[in-house]
Every structure is written in structure tokens, then in C-alpha cells.
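Reproduced below: coords_1.txt, with compact mmCIF, C-alpha atoms.
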# COMPACT_ATOMS: atom_id res chain seq x y z
CA GLN A 1 0.00 0.00 0.00
CA GLN A 2 2.95 2.30 0.40
CA VAL A 3 4.78 1.38 -2.78
CA THR A 4 4.19 2.20 -6.41
CA VAL A 5 2.89 -0.41 -8.82
CA ALA A 6 6.34 -0.56 -10.42
CA ALA A 7 8.01 -1.13 -7.03
CA GLY A 8 5.42 -3.79 -6.17
CA ARG A 9 6.10 -5.55 -9.46
CA ARG A 10 9.85 -5.47 -8.74
CA LEU A 11 9.32 -6.84 -5.22
CA ALA A 12 7.10 -9.63 -6.56
CA GLY A 13 9.79 -10.53 -9.09
CA VAL A 14 12.44 -10.71 -6.37
CA LEU A 15 10.13 -12.79 -4.17
CA VAL A 16 9.37 -15.25 -6.98
CA ALA A 17 13.01 -15.54 -8.02
CA ALA A 18 14.09 -16.22 -4.43
CA TYR A 19 11.30 -18.54 -3.24
CA GLY A 20 9.31 -19.70 -6.27
CA LYS A 21 9.76 -23.06 -7.93
CA PRO A 22 11.37 -23.02 -11.38
CA LEU A 23 9.17 -24.20 -14.21
CA ALA A 24 10.28 -27.37 -15.97
CA ALA A 25 10.01 -25.49 -19.26
CA PRO A 26 10.06 -21.69 -19.06
CA ASP A 27 7.41 -19.92 -21.10
CA GLY A 28 8.93 -16.71 -22.42
CA ALA A 29 9.79 -14.51 -19.45
CA LEU A 30 7.80 -16.78 -17.11
CA THR A 31 10.38 -18.98 -15.38
CA HIS A 32 8.99 -19.66 -11.87
CA VAL A 33 5.72 -20.46 -10.11
CA PHE A 34 4.74 -18.05 -7.34
CA PRO A 35 5.83 -19.43 -3.95
CA GLU A 36 3.38 -21.40 -1.83
CA PRO A 37 2.38 -19.62 1.41
CA GLY A 38 4.19 -22.22 3.52
CA ALA A 39 7.45 -21.42 1.74
CA LEU A 40 7.14 -17.77 2.80
CA ALA A 41 5.87 -18.27 6.35
CA ASP A 42 9.36 -18.80 7.79
CA ALA A 43 11.45 -17.26 5.00
CA PRO A 44 13.90 -14.50 5.94
CA LEU A 45 12.74 -12.29 3.03
CA ALA A 46 15.89 -10.18 3.45
CA GLU A 47 16.35 -9.89 -0.31
CA LEU A 48 13.17 -7.79 -0.51
CA GLY A 49 14.93 -4.86 1.14
CA MET A 50 11.86 -3.84 3.10
CA PRO A 51 11.48 -2.90 6.76
CA ASP A 52 11.29 -5.79 9.23
CA ALA A 53 7.68 -4.93 10.16
CA ARG A 54 6.59 -5.47 6.54
CA ARG A 55 8.55 -8.72 6.27
CA ARG A 56 6.87 -9.92 9.49
CA ALA A 57 3.45 -9.00 8.11
CA LEU A 58 4.16 -10.94 4.91
CA ARG A 59 5.30 -13.96 6.92
CA THR A 60 2.22 -13.66 9.17
CA VAL A 61 -0.21 -13.61 6.23
CA SER A 62 1.66 -16.46 4.56
CA GLY A 63 1.50 -18.52 7.75
CA ALA A 64 -2.23 -17.83 8.14
CA LEU A 65 -2.83 -18.92 4.55
CA ALA A 66 -0.67 -22.01 4.98
CA ASP A 67 -2.37 -23.18 8.18
CA GLY A 68 -5.91 -22.30 7.09
CA ARG A 69 -6.63 -19.43 9.49
CA VAL A 70 -7.24 -17.31 6.38
CA ALA A 71 -8.60 -18.65 3.09
CA LEU A 72 -8.73 -16.74 -0.16
CA ASP A 73 -10.60 -19.44 -2.05
CA PRO A 74 -13.55 -18.72 -4.35
CA GLY A 75 -16.78 -18.53 -2.42
CA VAL A 76 -15.34 -17.77 1.02
CA ASP A 77 -17.30 -15.42 3.22
CA ARG A 78 -15.81 -11.99 2.41
CA ASP A 79 -16.75 -10.41 5.74
CA ALA A 80 -15.26 -13.27 7.75
CA THR A 81 -12.11 -13.25 5.65
CA GLU A 82 -11.68 -9.50 6.07
CA GLN A 83 -12.04 -9.90 9.85
CA ALA A 84 -9.53 -12.76 9.87
CA LEU A 85 -7.05 -10.60 7.97
CA LEU A 86 -7.58 -7.67 10.33
CA ALA A 87 -6.84 -9.98 13.28
CA LEU A 88 -3.32 -10.54 11.91
CA THR A 89 -0.50 -8.35 13.18
CA GLY A 90 0.59 -5.91 10.50
CA ILE A 91 -2.59 -6.04 8.42
CA GLY A 92 -4.69 -2.90 8.49
CA PRO A 93 -8.02 -1.91 6.95
CA TRP A 94 -6.56 -0.74 3.61
CA THR A 95 -4.74 -4.03 3.05
CA ALA A 96 -7.68 -6.18 4.16
CA ARG A 97 -10.08 -4.29 1.90
CA TYR A 98 -7.66 -4.39 -1.04
CA ILE A 99 -7.30 -8.16 -0.64
CA ARG A 100 -11.08 -8.40 -0.41
CA MET A 101 -11.37 -6.58 -3.74
CA ARG A 102 -8.52 -8.26 -5.63
CA ALA A 103 -8.39 -11.79 -4.23
CA LEU A 104 -12.06 -12.29 -3.38
CA GLY A 105 -13.54 -10.38 -6.31
CA ASP A 106 -15.69 -8.07 -4.20
CA PRO A 107 -17.21 -5.54 -6.62
CA ASP A 108 -18.10 -3.06 -3.88
CA VAL A 109 -14.90 -2.08 -2.07
CA PHE A 110 -14.04 1.59 -1.66
CA LEU A 111 -10.76 2.92 -0.24
CA PRO A 112 -11.41 6.59 0.54
CA GLY A 113 -8.07 7.11 2.29
CA ASP A 114 -6.01 5.86 -0.67
CA ALA A 115 -3.87 8.63 -2.17
CA GLY A 116 -4.72 7.61 -5.74
CA VAL A 117 -8.42 7.61 -4.91
CA ARG A 118 -8.18 11.08 -3.36
CA HIS A 119 -6.38 12.35 -6.47
CA GLY A 120 -8.94 10.70 -8.73
CA LEU A 121 -11.83 12.22 -6.79
CA ALA A 122 -10.21 15.65 -7.07
CA ALA A 123 -9.73 15.14 -10.80
CA ILE A 124 -13.44 14.53 -11.31
CA GLY A 125 -14.54 17.12 -8.77
CA ALA A 126 -16.11 14.59 -6.40
CA THR A 127 -15.93 13.85 -2.68
CA PRO A 128 -15.71 10.42 -1.02
CA GLU A 129 -19.42 10.69 -0.25
CA ALA A 130 -20.15 10.42 -3.98
CA ALA A 131 -19.06 6.79 -3.78
CA GLU A 132 -22.31 5.88 -2.02
CA GLY A 133 -24.08 6.42 -5.33
CA TRP A 134 -21.71 3.98 -7.04
CA ARG A 135 -22.83 0.99 -4.95
CA PRO A 136 -22.64 -1.96 -5.59
CA TRP A 137 -19.81 -1.34 -8.07
CA ARG A 138 -17.37 0.83 -6.12
CA SER A 139 -14.40 -1.48 -6.83
CA TYR A 140 -14.77 -0.64 -10.50
CA ALA A 141 -14.95 3.05 -9.66
CA LEU A 142 -11.65 2.70 -7.76
CA HIS A 143 -9.91 1.56 -10.92
CA HIS A 144 -11.25 4.54 -12.83
CA LEU A 145 -10.18 6.89 -10.05
CA TRP A 146 -6.69 5.37 -9.95
CA ASN A 147 -6.41 6.03 -13.69
CA ALA A 148 -7.94 9.50 -13.70
CA PRO A 149 -5.73 12.18 -15.21
CA PRO A 150 -4.46 14.74 -12.71
CA ALA A 151 -6.81 17.56 -11.81
CA THR A 152 -6.04 20.74 -13.68
CA THR A 153 -6.44 24.21 -12.36
CA GLU A 154 -7.51 26.99 -14.66
CA LYS A 155 -5.38 30.11 -14.69
CA SER A 156 -6.81 33.46 -15.63

Here is the file; what I need is its structure written in the form of C-alpha cells.
Amino acid sequence: QQVTVAAGRRLAGVLVAAYGKPLAAPDGALTHVFPEPGALADAPLAELGMPDARRRALRTVSGALADGRVALDPGVDRDATEQALLALTGIGPWTARYIRMRALGDPDVFLPGDAGVRHGLAAIGATPEAAEGWRPWRSYALHHLWNAPPATTEKS
């Protein structure tokens, strides 16, 4: 949540290279399978170059996925899963809601505190309260807000 998409992509690449299983036959640039949660639960993760608190949070989520305390399978109860995520040390509301949107396919997540969302709202001249009118499709609105061009100010 505090990294750019490009930085997140780089971190994921480092994670996969360090802990993923190599494919028997690479397919273009795809050379490894993403690591199983159990492989990350006790991993040092030092190569990620992130603060220890974030590495601990990643290990905590991985452990919870590996031992079944958290499931991100199709059809799981979204509310229960969000609460299970929030019960984990290092996982806050933004992360739990983002996982709910991306991993569980919830079409109605809104992240009013997200910097990109605030910028998108400003670009379209809206306030967070406008999102109530976008129910039950606020997750889709988020993607539009994240891609909104910057707000322009008119000069006289």
C-alpha cells in the first residue's frame, strides 16, 4: 500500500526468483511459479529490502494462509475473511479491503483514504461521499479513479 505499482512488481519478481519453484520449461519470461504460502511463512525475506515490520506482516499472512486461518478461495465469506485478515498483526483496513477486492472479487470495495483515490476524486470534482451512489460497483470506480488524469487548475 505504500509502494508504487512498479516497485510492487519489482518486489514480486524478487520474491518469486528467491522462493518460487522453477518451471520445468520456461514460457517466455515466465520462469517460476509463485511461492506457496508455507514457503514464505518462515522465510527470511531479506532480499526484498523492506522494513522488518513489513517482512513480518508478509510472513504472518503467509502462515495464516498455509495453516488455514485465512482462506482466499472462491466462495469464502468476504466479511469473515476480512475480519480474519484484520486480526493478523501488521494487516490494516486498507490491506484487508484491497485483498477483499482483488483476491475475493468483491465488486463493492471503496478505499477513501487511498492517495490515488483522493487524487482521482479531485480530478473529477467529487468527494468520497459520492461513492455511495456507485454501490454496488465501487471497486470498478476505484480503478477509474486510480487512472484519472491529474486535476487541472484553470489560470486566468

In Å, rounded to a single decimal, give me how far CA of Arg135 in chain A is from CA of Val109 in chain A.
9.0 Å

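Using all atoms listed in the file, the smallest distance between any of A:Val70, A:Ala115, A:Ala123, A:Val3 and Ile99 in chain A comes from A:Val70.
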
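Distance annotation: of A:Leu48, A:Leu104, A:Asp42, A:His143, the residue with the minimal separation from Gly13 in chain A is A:Leu48; atom set is only C-alpha atoms.
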
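For the pair CA of Glu82 in chain A and CA of Arg54 in chain A, the interatomic distance is 18.7 Å.
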
If we count only C-alpha atoms and set the cut-off at 8 Å, which residues sit around Ala41 in chain A, ignoring sequence neighbours fewer than 6 positions away in its own chain? Please answer as a PyMOL selection string.
chain A and resi 58-63+66
